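S.K.: This one is work-v3.pdb, PDB, C-alpha atoms.
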ATOM      1  CA  GLN A   1      36.771  47.230  77.295
ATOM      2  CA  VAL A   2      34.455  49.318  79.456
ATOM      3  CA  GLN A   3      35.817  50.294  82.826
ATOM      4  CA  VAL A   4      33.906  51.071  86.011
ATOM      5  CA  VAL A   5      36.042  52.658  88.719
ATOM      6  CA  GLU A   6      34.830  53.391  92.235
ATOM      7  CA  SER A   7      36.423  55.544  94.914
ATOM      8  CA  GLY A   8      35.631  57.078  98.255
ATOM      9  CA  GLY A   9      35.106  54.167 100.619
ATOM     10  CA  GLY A  10      36.712  53.958 104.026
ATOM     11  CA  LEU A  11      36.210  53.897 107.765
ATOM     12  CA  VAL A  12      33.928  56.380 109.484
ATOM     13  CA  GLN A  13      32.308  56.702 112.884
ATOM     14  CA  ALA A  14      28.581  56.347 113.350
ATOM     15  CA  GLY A  15      26.826  59.585 112.477
ATOM     16  CA  GLY A  16      29.503  60.543 109.993
ATOM     17  CA  SER A  17      29.448  60.994 106.240
ATOM     18  CA  LEU A  18      31.181  59.603 103.173
ATOM     19  CA  ARG A  19      30.946  60.327  99.471
ATOM     20  CA  LEU A  20      31.397  57.589  96.894
ATOM     21  CA  SER A  21      32.237  58.247  93.253
ATOM     22  CA  CYS A  22      31.996  55.976  90.248
ATOM     23  CA  ALA A  23      33.242  56.771  86.772
ATOM     24  CA  THR A  24      32.712  54.670  83.679
ATOM     25  CA  SER A  25      34.315  54.685  80.257
ATOM     26  CA  GLU A  26      31.029  53.622  78.650
ATOM     27  CA  ARG A  27      29.693  56.275  76.299
ATOM     28  CA  ILE A  28      27.163  58.411  78.113
ATOM     29  CA  PHE A  29      24.514  58.128  75.389
ATOM     30  CA  ARG A  30      24.479  54.349  75.852
ATOM     31  CA  ILE A  31      23.904  54.503  79.624
ATOM     32  CA  SER A  32      20.314  54.102  80.789
ATOM     33  CA  ALA A  33      21.039  54.071  84.522
ATOM     34  CA  MET A  34      23.845  54.168  87.051
ATOM     35  CA  GLY A  35      23.724  53.359  90.702
ATOM     36  CA  TRP A  36      24.978  51.631  93.800
ATOM     37  CA  TYR A  37      24.350  48.274  95.391
ATOM     38  CA  ARG A  38      25.864  46.919  98.578
ATOM     39  CA  GLN A  39      26.580  43.553 100.102
ATOM     40  CA  ALA A  40      27.256  42.928 103.773
ATOM     41  CA  PRO A  41      28.827  39.674 105.032
ATOM     42  CA  GLY A  42      26.309  36.853 104.943
ATOM     43  CA  LYS A  43      23.679  38.950 103.183
ATOM     44  CA  GLN A  44      22.432  39.300  99.640
ATOM     45  CA  ARG A  45      23.402  42.222  97.463
ATOM     46  CA  GLU A  46      20.803  44.971  97.758
ATOM     47  CA  LEU A  47      19.942  48.180  95.974
ATOM     48  CA  VAL A  48      21.177  51.354  97.626
ATOM     49  CA  ALA A  49      20.264  53.934  95.007
ATOM     50  CA  GLU A  50      19.990  54.320  91.271
ATOM     51  CA  ILE A  51      19.543  57.226  88.882
ATOM     52  CA  THR A  52      18.338  57.030  85.296
ATOM     53  CA  SER A  53      19.563  58.993  82.313
ATOM     54  CA  GLY A  54      16.481  61.153  82.728
ATOM     55  CA  GLY A  55      17.311  61.936  86.336
ATOM     56  CA  SER A  56      14.757  59.733  88.063
ATOM     57  CA  THR A  57      15.996  58.209  91.293
ATOM     58  CA  VAL A  58      15.130  55.218  93.413
ATOM     59  CA  TYR A  59      16.451  54.425  96.898
ATOM     60  CA  GLY A  60      16.516  51.394  99.116
ATOM     61  CA  ASP A  61      14.189  51.771 102.086
ATOM     62  CA  SER A  62      16.998  51.664 104.632
ATOM     63  CA  VAL A  63      18.818  54.665 103.164
ATOM     64  CA  LYS A  64      15.953  56.988 102.251
ATOM     65  CA  GLY A  65      16.444  60.434 103.737
ATOM     66  CA  ARG A  66      20.121  59.779 104.504
ATOM     67  CA  PHE A  67      21.743  59.043 101.136
ATOM     68  CA  THR A  68      21.613  61.118  97.959
ATOM     69  CA  ILE A  69      22.579  59.959  94.492
ATOM     70  CA  SER A  70      23.576  62.342  91.721
ATOM     71  CA  ARG A  71      25.318  62.148  88.382
ATOM     72  CA  ASP A  72      27.491  64.244  86.113
ATOM     73  CA  ASN A  73      26.635  63.218  82.572
ATOM     74  CA  ALA A  74      29.553  65.109  81.081
ATOM     75  CA  LYS A  75      31.914  62.959  83.132
ATOM     76  CA  ALA A  76      29.853  59.745  83.043
ATOM     77  CA  THR A  77      30.175  59.752  86.806
ATOM     78  CA  VAL A  78      27.734  58.987  89.582
ATOM     79  CA  TYR A  79      28.065  60.060  93.201
ATOM     80  CA  LEU A  80      26.583  58.769  96.426
ATOM     81  CA  GLN A  81      26.509  61.156  99.356
ATOM     82  CA  MET A  82      26.013  59.141 102.534
ATOM     83  CA  ASN A  83      25.040  60.970 105.715
ATOM     84  CA  SER A  84      24.082  59.819 109.192
ATOM     85  CA  LEU A  85      25.901  56.554 108.671
ATOM     86  CA  ASN A  86      25.329  53.724 111.111
ATOM     87  CA  PRO A  87      27.037  50.349 111.600
ATOM     88  CA  GLU A  88      24.292  48.631 109.553
ATOM     89  CA  ASP A  89      25.593  50.514 106.516
ATOM     90  CA  THR A  90      28.856  48.580 106.701
ATOM     91  CA  ALA A  91      29.237  46.678 103.434
ATOM     92  CA  VAL A  92      31.064  46.490 100.146
ATOM     93  CA  TYR A  93      29.482  49.031  97.824
ATOM     94  CA  TYR A  94      29.362  48.215  94.117
ATOM     95  CA  CYS A  95      28.789  50.620  91.277
ATOM     96  CA  HIS A  96      26.289  49.422  88.685
ATOM     97  CA  VAL A  97      26.084  50.718  85.121
ATOM     98  CA  GLU A  98      23.236  49.707  82.861
ATOM     99  CA  ARG A  99      23.626  50.069  79.129
ATOM    100  CA  GLY A 100      20.355  50.634  77.315
ATOM    101  CA  TYR A 101      20.889  48.951  73.961
ATOM    102  CA  PRO A 102      21.984  46.341  73.521
ATOM    103  CA  ARG A 103      21.191  45.818  77.153
ATOM    104  CA  TYR A 104      24.149  44.984  79.333
ATOM    105  CA  GLU A 105      25.279  45.490  82.912
ATOM    106  CA  TYR A 106      28.677  46.480  84.202
ATOM    107  CA  TRP A 107      29.860  46.236  87.802
ATOM    108  CA  GLY A 108      32.707  47.902  89.606
ATOM    109  CA  GLN A 109      35.171  45.998  91.748
ATOM    110  CA  GLY A 110      33.584  47.241  94.966
ATOM    111  CA  THR A 111      34.684  49.646  97.673
ATOM    112  CA  GLN A 112      34.538  48.886 101.381
ATOM    113  CA  VAL A 113      32.560  51.140 103.701
ATOM    114  CA  THR A 114      32.962  50.456 107.402
ATOM    115  CA  VAL A 115      31.007  52.346 110.052
ATOM    116  CA  SER A 116      32.193  51.975 113.624
ATOM    117  CA  SER A 117      29.892  52.381 116.603
TER
END
Kindly present the structure from the file in structure tokens form.

M.R.:
Amino acid sequence: QVQVVESGGGLVQAGGSLRLSCATSERIFRISAMGWYRQAPGKQRELVAEITSGGSTVYGDSVKGRFTISRDNAKATVYLQMNSLNPEDTAVYYCHVERGYPRYEYWGQGTQVTVSS
């Protein structure tokens, strides 16, 4: 069974930084993309950032210029560096792993990020 394990969430003051990590046991050659989504109370889950196997990245509009996604293919791990955090970034952050073929999606259990004002 494929595992997706997140770490790095926590409480930080506005203006601070956090780094999230997500490791998967899925074989790296099967992974087409890895990334992060978030869900705040009462809101829909939204894309934060995603990176493809080729290194292409996409970011949600609200985090552009503040967050950076990267990946270590050798470790099948993706990272999210979050800078200039503000209270609107408070949410549960979920790691997303997309397998290319046959297509399938895996989700992590979620990690809480809380930004205090």

S.K.: Kindly resolve the PyMOL selection byres ((chain A and resi 100) around 6) on the present coordinates and return the residues as number ranges by chain.

M.R.: A: 30-32, 99, 101-103

S.K.: Any chance you could tabulate, as a tab-separated table, the residues of stretch 17-59 of chain A at most 9 Å from stretch 86-98 of chain A with each one's nearest atom pair and distance in Å to one decimal, using only C-alpha atoms, in chain and rising number order?

M.R.:
residue	atom	partner	partner_atom	distance
A:Leu20	CA	A:Tyr93	CA	8.8
A:Ser21	CA	A:Cys95	CA	8.6
A:Cys22	CA	A:Cys95	CA	6.3
A:Ala23	CA	A:Cys95	CA	8.8
A:Thr24	CA	A:Val97	CA	7.9
A:Glu26	CA	A:Val97	CA	8.6
A:Arg30	CA	A:Glu98	CA	8.5
A:Ile31	CA	A:Glu98	CA	5.8
A:Ser32	CA	A:Glu98	CA	5.7
A:Ala33	CA	A:Glu98	CA	5.2
A:Met34	CA	A:Val97	CA	4.5
A:Gly35	CA	A:His96	CA	5.1
A:Trp36	CA	A:Cys95	CA	4.7
A:Tyr37	CA	A:Tyr94	CA	5.2
A:Arg38	CA	A:Tyr93	CA	4.3
A:Gln39	CA	A:Ala91	CA	5.3
A:Ala40	CA	A:Ala91	CA	4.3
A:Pro41	CA	A:Ala91	CA	7.2
A:Val48	CA	A:Tyr93	CA	8.6
A:Glu50	CA	A:His96	CA	8.4

S.K.: Would you write out, as a ChimeraX atom specification, every residue that the PyMOL selection byres ((chain A and resi 115) around 12) captures in this file?

M.R.: /A:9-18,40,82-92,112-114,116-117

S.K.: Neighbours of A:Gly60 within 8 Å (all atoms listed in the file; same-chain residues fewer than 4 positions away dropped), as a ChimeraX atom specification?

M.R.: /A:46-49,64

S.K.: Counting only C-alpha atoms, which of A:Ser25, A:Ser70, A:Val2, A:Gly110 gets nearest to A:Val58?

M.R.: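 Ranked by minimum distance to A:Val58, first place goes to A:Ser70.
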
S.K.: Evaluate the PyMOL selection byres ((chain A and resi 73) around 10) and record the selected residues as a list in words, following the chain and residue labels used in the document.

M.R.: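 For this structure, the PyMOL selection byres ((chain A and resi 73) around 10) resolves to Arg27, Ile28, Phe29, Ile31, Ser53, Ser70, Arg71, Asp72, Ala74, Lys75, Ala76, Thr77 and Val78 of chain A.
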
S.K.: Measuring atom to atom with all atoms listed in the file, identify which of A:Arg19, A:Arg66, A:Trp107, A:Tyr59 is nearest to A:Ser7.

M.R.: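 Using all atoms listed in the file, the shortest distance to A:Ser7 belongs to A:Arg19.
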